[in-house]
Structures are given as C-alpha cells and as structure tokens.
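Colleague: Below: one structure in structure tokens.
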Amino acid sequence: MRKFWLHCFLNTLFTFGILAGLSGITQLNMFNAFDPLGKALGDMELFDIAFSQLREDPPIDTNIVIVNIGYLSRGDIGRQIMTLNQFKPKVIALDIIFACDGGLRDSINCPQAYDTLNNMIFASAVQGTQTMVLAEKLWQSRALIKKYGDVSIYDSIEHTDAELRGNAYEGFVNLETDAEHQEDLKVCRTYNPKLNVSGTDELAFSTMIAMLYDSQKT
C-alpha cells in the first residue's frame with residue numbers, strides 16, 4: 001500500500017514536471033514561425049471583429065486602378081505614367097519616395113541619382129501629368145525627440161528629389177501602428193487626414209488623392 005501511494009506521488013510530480021517544461025518551451029516562441037495565422041490574429045481585438053460586422057462589404061470601385069511598379073527603374077516608371085496619361089486619369093499617385101537614403105548623393109550609395117536618362121524620363125512624365133501626387137514622409141529631428149520624447153510631433157519632411165517631383169502634389173505616408181519593425185504585421189486603427197509640421201498643415205497621401213479627385217466631397 002505504501003508503494004502504491006509513493007508511485008502516485010512520483011507520477012504526479014512527473015506529470016507536473018512535464019507540464020512545466022512544455023510551458024517553458026512555448027514561452028520561447030520556438031513555433032511562431034509555423035503559426036502565421038496565430039501571429040496575425042494575435043493583434044486582433046474584439047472591437048475589430050465587431051466592427052467588421054457592422055456593414056456589408058462595399059462594392060468594388062472600378063474608378064480605382066492599382067498598377068504594380070515592381071522593381072522598375074525610374075525611367076520605366078516614367079513610361080508607365082506616360083501610358084496611363086493616354087487614358088486621361090483624374091489623378092495619378094505614387095506611394096514611393098524617390099530620394100537617396102540618408103541624403104547620401106554619391107555614386108556608390110545612390111547610383112540612381114546619376115542615372116541621367118532615366119531621371120529625365122521620369123521627371124518629364126511627372127511634369128506632363130496634370131494631377132500627380134507623390135509620397136512624402138514626416139520625420140522627427142533628434143532635437144525634437146530630446147525635447148518632447150516619442151510623441152506624434154514632426155518637424156521635418158522627406159521629399160522626392162526636387163528635380164524629379166516638378167509641380168506634383170505631395171501627401172505624407174506615415175501611419176500610426178504598433179509595429180516595431182517593417183516586417184511586422186501592421187494594424188492601423190488611427191487615421192490622421194492632416195498633421196501640422198512646423199506651423200504648416202500637411203495632408204495625408206490618401207487625403208490629397210481624394211481632394212484632387214473630388215474636392216467638394218473631401
């Protein structure tokens with residue numbers, strides 16, 4: 001009888017030991033790579049599910065056409081713009097900034113800045129577009145972050161190079177998400193139609209497009 005209770009006690013300890021070990025392994029996130037659906041749903045809130053059921057899916061707007069530029073050069077993108085202009089679109093918008101990373105304009109870090117022919121083709125296409133919207137990005141200077149901390153205040157703007165953007169309109173492409181890295185799943189629950197940058201109101205990329213398409217409704 002004594003051995004029976006001893007075996008029960010040891011089996012119980014063994015079971016709890018296995019459970020504790022499994023719990024430790026799961027906390028290491030070893031299997032996250034095999035659970036993309038779980039990672040995607042992990043950022044969902046009950047509010048998201050409820051809100052998605054408030055209305056039926058709207059019909060597809062055939063007035064909007066998305067064109068994939070892939071890894072085309074600036075010249076090839078310019079040729080695409082010229083082709084699109086043949087159909088007289090109300091607005092053409094490019095969600096990309098044509099500039100050198102970090103402001104480094106040497107031939108090693110930014111060879112595209114020295115590709116004169118492709119730059120001329122792109123600039124000509126932009127100049128020949130009646131209503132063109134290019135992306136811009138709002139930034140915080142180190143002095144601003146040091147003074148106010150990590151807040152939604154901006155004091156500088158990254159533009160497409162001046163020789164390329166011509167008279168195009170611009171809209172900022174910043175989105176408020178909880179993602180810490182570019183590769184992370186991004187859920188945007190806040191939309192700012194405009195932000196003030198050093199005393200000047202800057203419109204969001206989508207706001208600028210909508211305003212140029214129909215200023216009376218925007």
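Scheme for the structure tokens: letters A, B, ... for chains in order shown; per-chain residue numbers from 1; ligand numbers from 1 in order shown.
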Write down as a VMD selection string the residues of range 22-217 of chain A whose backbone DSSP state falls under alpha helix (DSSP H).
Modeller: chain A and resid 22 to 27 36 to 42 46 to 52 74 to 85 116 to 127 142 to 148 162 to 165 205 to 213
Colleague: Can you pull out every residue within 7 Å of Val173 in chain A, counting only C-alpha atoms, but drop anything in the same chain fewer than 2 positions away, and send it as a PyMOL selection string?
Modeller: chain A and resi 135-137+171+175+204-205
Colleague: So how many Å separate CA of Ala99 in chain A and CA of Leu72 in chain A, to one decimal?
Modeller: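 One can read the CA of Ala99 in chain A to CA of Leu72 in chain A distance as 15.2 Å.
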Colleague: Give me the residues near range 140-151 of chain A as a ChimeraX atom specification, where near means some atom within 12 Å (using only C-alpha atoms) and where sequence neighbours in that chain fewer than 2 positions away do not count.
Modeller: /A:137-138,153-158,174,176,197-198
Colleague: Quick one: everything within 8 Å of range 184-196 of chain A, counting only C-alpha atoms, minus sequence neighbours fewer than 3 positions away in the same chain. Send it as an mmCIF file with N, CA and C atoms, in the first residue's frame.
Modeller:
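Result written to around-v1.cif:
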```cif
data_model
loop_
_atom_site.group_PDB
_atom_site.id
_atom_site.type_symbol
_atom_site.label_atom_id
_atom_site.label_comp_id
_atom_site.auth_asym_id
_atom_site.auth_seq_id
_atom_site.Cartn_x
_atom_site.Cartn_y
_atom_site.Cartn_z
ATOM 1 N N ALA A 40 -1.047 36.628 -36.902
ATOM 2 C CA ALA A 40 -1.920 37.647 -37.497
ATOM 3 C C ALA A 40 -3.108 37.938 -36.595
ATOM 4 N N ASP A 43 -2.965 40.088 -32.991
ATOM 5 C CA ASP A 43 -3.071 41.540 -32.881
ATOM 6 C C ASP A 43 -4.505 42.023 -33.057
ATOM 7 N N ILE A 153 4.700 64.400 -32.971
ATOM 8 C CA ILE A 153 5.015 65.756 -33.425
ATOM 9 C C ILE A 153 6.180 65.649 -34.401
ATOM 10 N N TYR A 154 6.070 66.347 -35.528
ATOM 11 C CA TYR A 154 7.095 66.246 -36.564
ATOM 12 C C TYR A 154 7.597 67.640 -36.921
ATOM 13 N N LEU A 175 1.894 56.168 -41.074
ATOM 14 C CA LEU A 175 0.731 55.527 -40.473
ATOM 15 C C LEU A 175 1.042 55.185 -39.022
ATOM 16 N N GLU A 176 0.055 55.342 -38.157
ATOM 17 C CA GLU A 176 0.237 55.022 -36.745
ATOM 18 C C GLU A 176 -0.100 53.553 -36.508
ATOM 19 N N THR A 177 0.911 52.758 -36.216
ATOM 20 C CA THR A 177 0.722 51.339 -35.914
ATOM 21 C C THR A 177 1.576 50.979 -34.702
ATOM 22 N N ASP A 178 1.353 49.780 -34.191
ATOM 23 C CA ASP A 178 2.147 49.286 -33.064
ATOM 24 C C ASP A 178 3.360 48.485 -33.525
ATOM 25 N N ALA A 179 3.555 48.385 -34.833
ATOM 26 C CA ALA A 179 4.663 47.589 -35.357
ATOM 27 C C ALA A 179 6.000 48.244 -35.022
ATOM 28 N N GLU A 180 6.945 47.429 -34.590
ATOM 29 C CA GLU A 180 8.274 47.934 -34.259
ATOM 30 C C GLU A 180 9.247 47.781 -35.417
ATOM 31 N N HIS A 181 8.938 46.874 -36.345
ATOM 32 C CA HIS A 181 9.823 46.636 -37.478
ATOM 33 C C HIS A 181 9.004 46.627 -38.768
ATOM 34 N N GLY A 199 4.290 74.432 -38.142
ATOM 35 C CA GLY A 199 3.351 75.508 -38.437
ATOM 36 C C GLY A 199 2.610 75.382 -39.750
ATOM 37 N N THR A 200 2.882 74.339 -40.520
ATOM 38 C CA THR A 200 2.220 74.141 -41.814
ATOM 39 C C THR A 200 1.451 72.831 -41.807
ATOM 40 N N ASP A 201 0.201 72.862 -42.254
ATOM 41 C CA ASP A 201 -0.608 71.645 -42.321
ATOM 42 C C ASP A 201 -0.219 70.822 -43.541
ATOM 43 N N GLU A 202 0.104 69.562 -43.303
ATOM 44 C CA GLU A 202 0.430 68.626 -44.371
ATOM 45 C C GLU A 202 -0.683 67.591 -44.463
ATOM 46 N N LEU A 203 -1.170 67.338 -45.682
ATOM 47 C CA LEU A 203 -2.247 66.376 -45.885
ATOM 48 C C LEU A 203 -1.699 64.967 -46.042
ATOM 49 N N ALA A 204 -2.492 64.000 -45.585
ATOM 50 C CA ALA A 204 -2.129 62.597 -45.780
ATOM 51 C C ALA A 204 -2.206 62.251 -47.261
ATOM 52 N N SER A 206 -3.583 59.742 -48.885
ATOM 53 C CA SER A 206 -4.927 59.395 -49.366
ATOM 54 C C SER A 206 -5.857 60.604 -49.347
ATOM 55 N N THR A 207 -5.675 61.493 -48.371
ATOM 56 C CA THR A 207 -6.499 62.701 -48.313
ATOM 57 C C THR A 207 -6.240 63.587 -49.525
#
```
Colleague: Mind pulling up the distance from CA of Met132 in chain A to CA of Gly75 in chain A?
Modeller: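 Going from CA of Gly75 in chain A over to CA of Met132 in chain A covers 16.4 Å.
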Colleague: Tell me, as an MDAnalysis selection string, which residues lie within 12 Å of Thr116 in chain A, counting only C-alpha atoms; anything in the same chain fewer than 5 positions away does not count.
Modeller: chainID A and resid 73:75 111 121:123 163:164
Colleague: Write out as a list of chain:residue names which residues come within 6 Å of range 85-95 of chain A when counting only C-alpha atoms, dropping same-chain ones fewer than 2 positions away.
Modeller: A:Met82, A:Thr83, A:Thr131, A:Met132, A:Val133, A:Leu134, A:Ala135
Colleague: Next, write the just-selected residues to a file, as a PDB file, in the first residue's frame, keeping N, CA and C atoms as the atom set.
Modeller:
```pdb
ATOM      1  N   MET A  82       3.394  57.741 -68.548  1.00  0.00           N
ATOM      2  CA  MET A  82       3.021  58.258 -69.868  1.00  0.00           C
ATOM      3  C   MET A  82       1.918  57.414 -70.494  1.00  0.00           C
ATOM      4  N   THR A  83       2.006  56.103 -70.316  1.00  0.00           N
ATOM      5  CA  THR A  83       0.962  55.211 -70.851  1.00  0.00           C
ATOM      6  C   THR A  83      -0.369  55.472 -70.157  1.00  0.00           C
ATOM      7  N   THR A 131      -2.431  65.988 -62.817  1.00  0.00           N
ATOM      8  CA  THR A 131      -2.649  65.861 -61.373  1.00  0.00           C
ATOM      9  C   THR A 131      -1.859  64.666 -60.864  1.00  0.00           C
ATOM     10  N   MET A 132      -0.691  64.936 -60.330  1.00  0.00           N
ATOM     11  CA  MET A 132       0.200  63.894 -59.823  1.00  0.00           C
ATOM     12  C   MET A 132       0.406  64.081 -58.328  1.00  0.00           C
ATOM     13  N   VAL A 133       0.321  62.984 -57.579  1.00  0.00           N
ATOM     14  CA  VAL A 133       0.575  63.018 -56.139  1.00  0.00           C
ATOM     15  C   VAL A 133       1.761  62.111 -55.839  1.00  0.00           C
ATOM     16  N   LEU A 134       2.762  62.659 -55.176  1.00  0.00           N
ATOM     17  CA  LEU A 134       3.927  61.890 -54.757  1.00  0.00           C
ATOM     18  C   LEU A 134       3.934  61.769 -53.235  1.00  0.00           C
ATOM     19  N   ALA A 135       4.597  60.743 -52.765  1.00  0.00           N
ATOM     20  CA  ALA A 135       4.649  60.495 -51.321  1.00  0.00           C
ATOM     21  C   ALA A 135       5.710  61.369 -50.665  1.00  0.00           C
TER      22      ALA A 135
END
```
Colleague: Would you work out the distance separating CA of Glu170 in chain A from CA of Ala113 in chain A, expressed in Å to one decimal?
Modeller: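 CA of Ala113 in chain A lies 20.3 Å from CA of Glu170 in chain A.
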Colleague: Looking at only C-alpha atoms, which of A:Tyr169, A:Gln127, A:Gly70, A:Ile108 is the one that sits closest to Met211 in chain A?
Modeller: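 Using only C-alpha atoms, the shortest distance to Met211 in chain A belongs to A:Tyr169.
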Colleague: Between A:Met120, A:Asp161, A:Gln130, A:Gln112, which is the closest to Leu212 in chain A once you count only C-alpha atoms?
Modeller: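 When distances to Leu212 in chain A are compared using only C-alpha atoms, the smallest one comes from A:Gln130.
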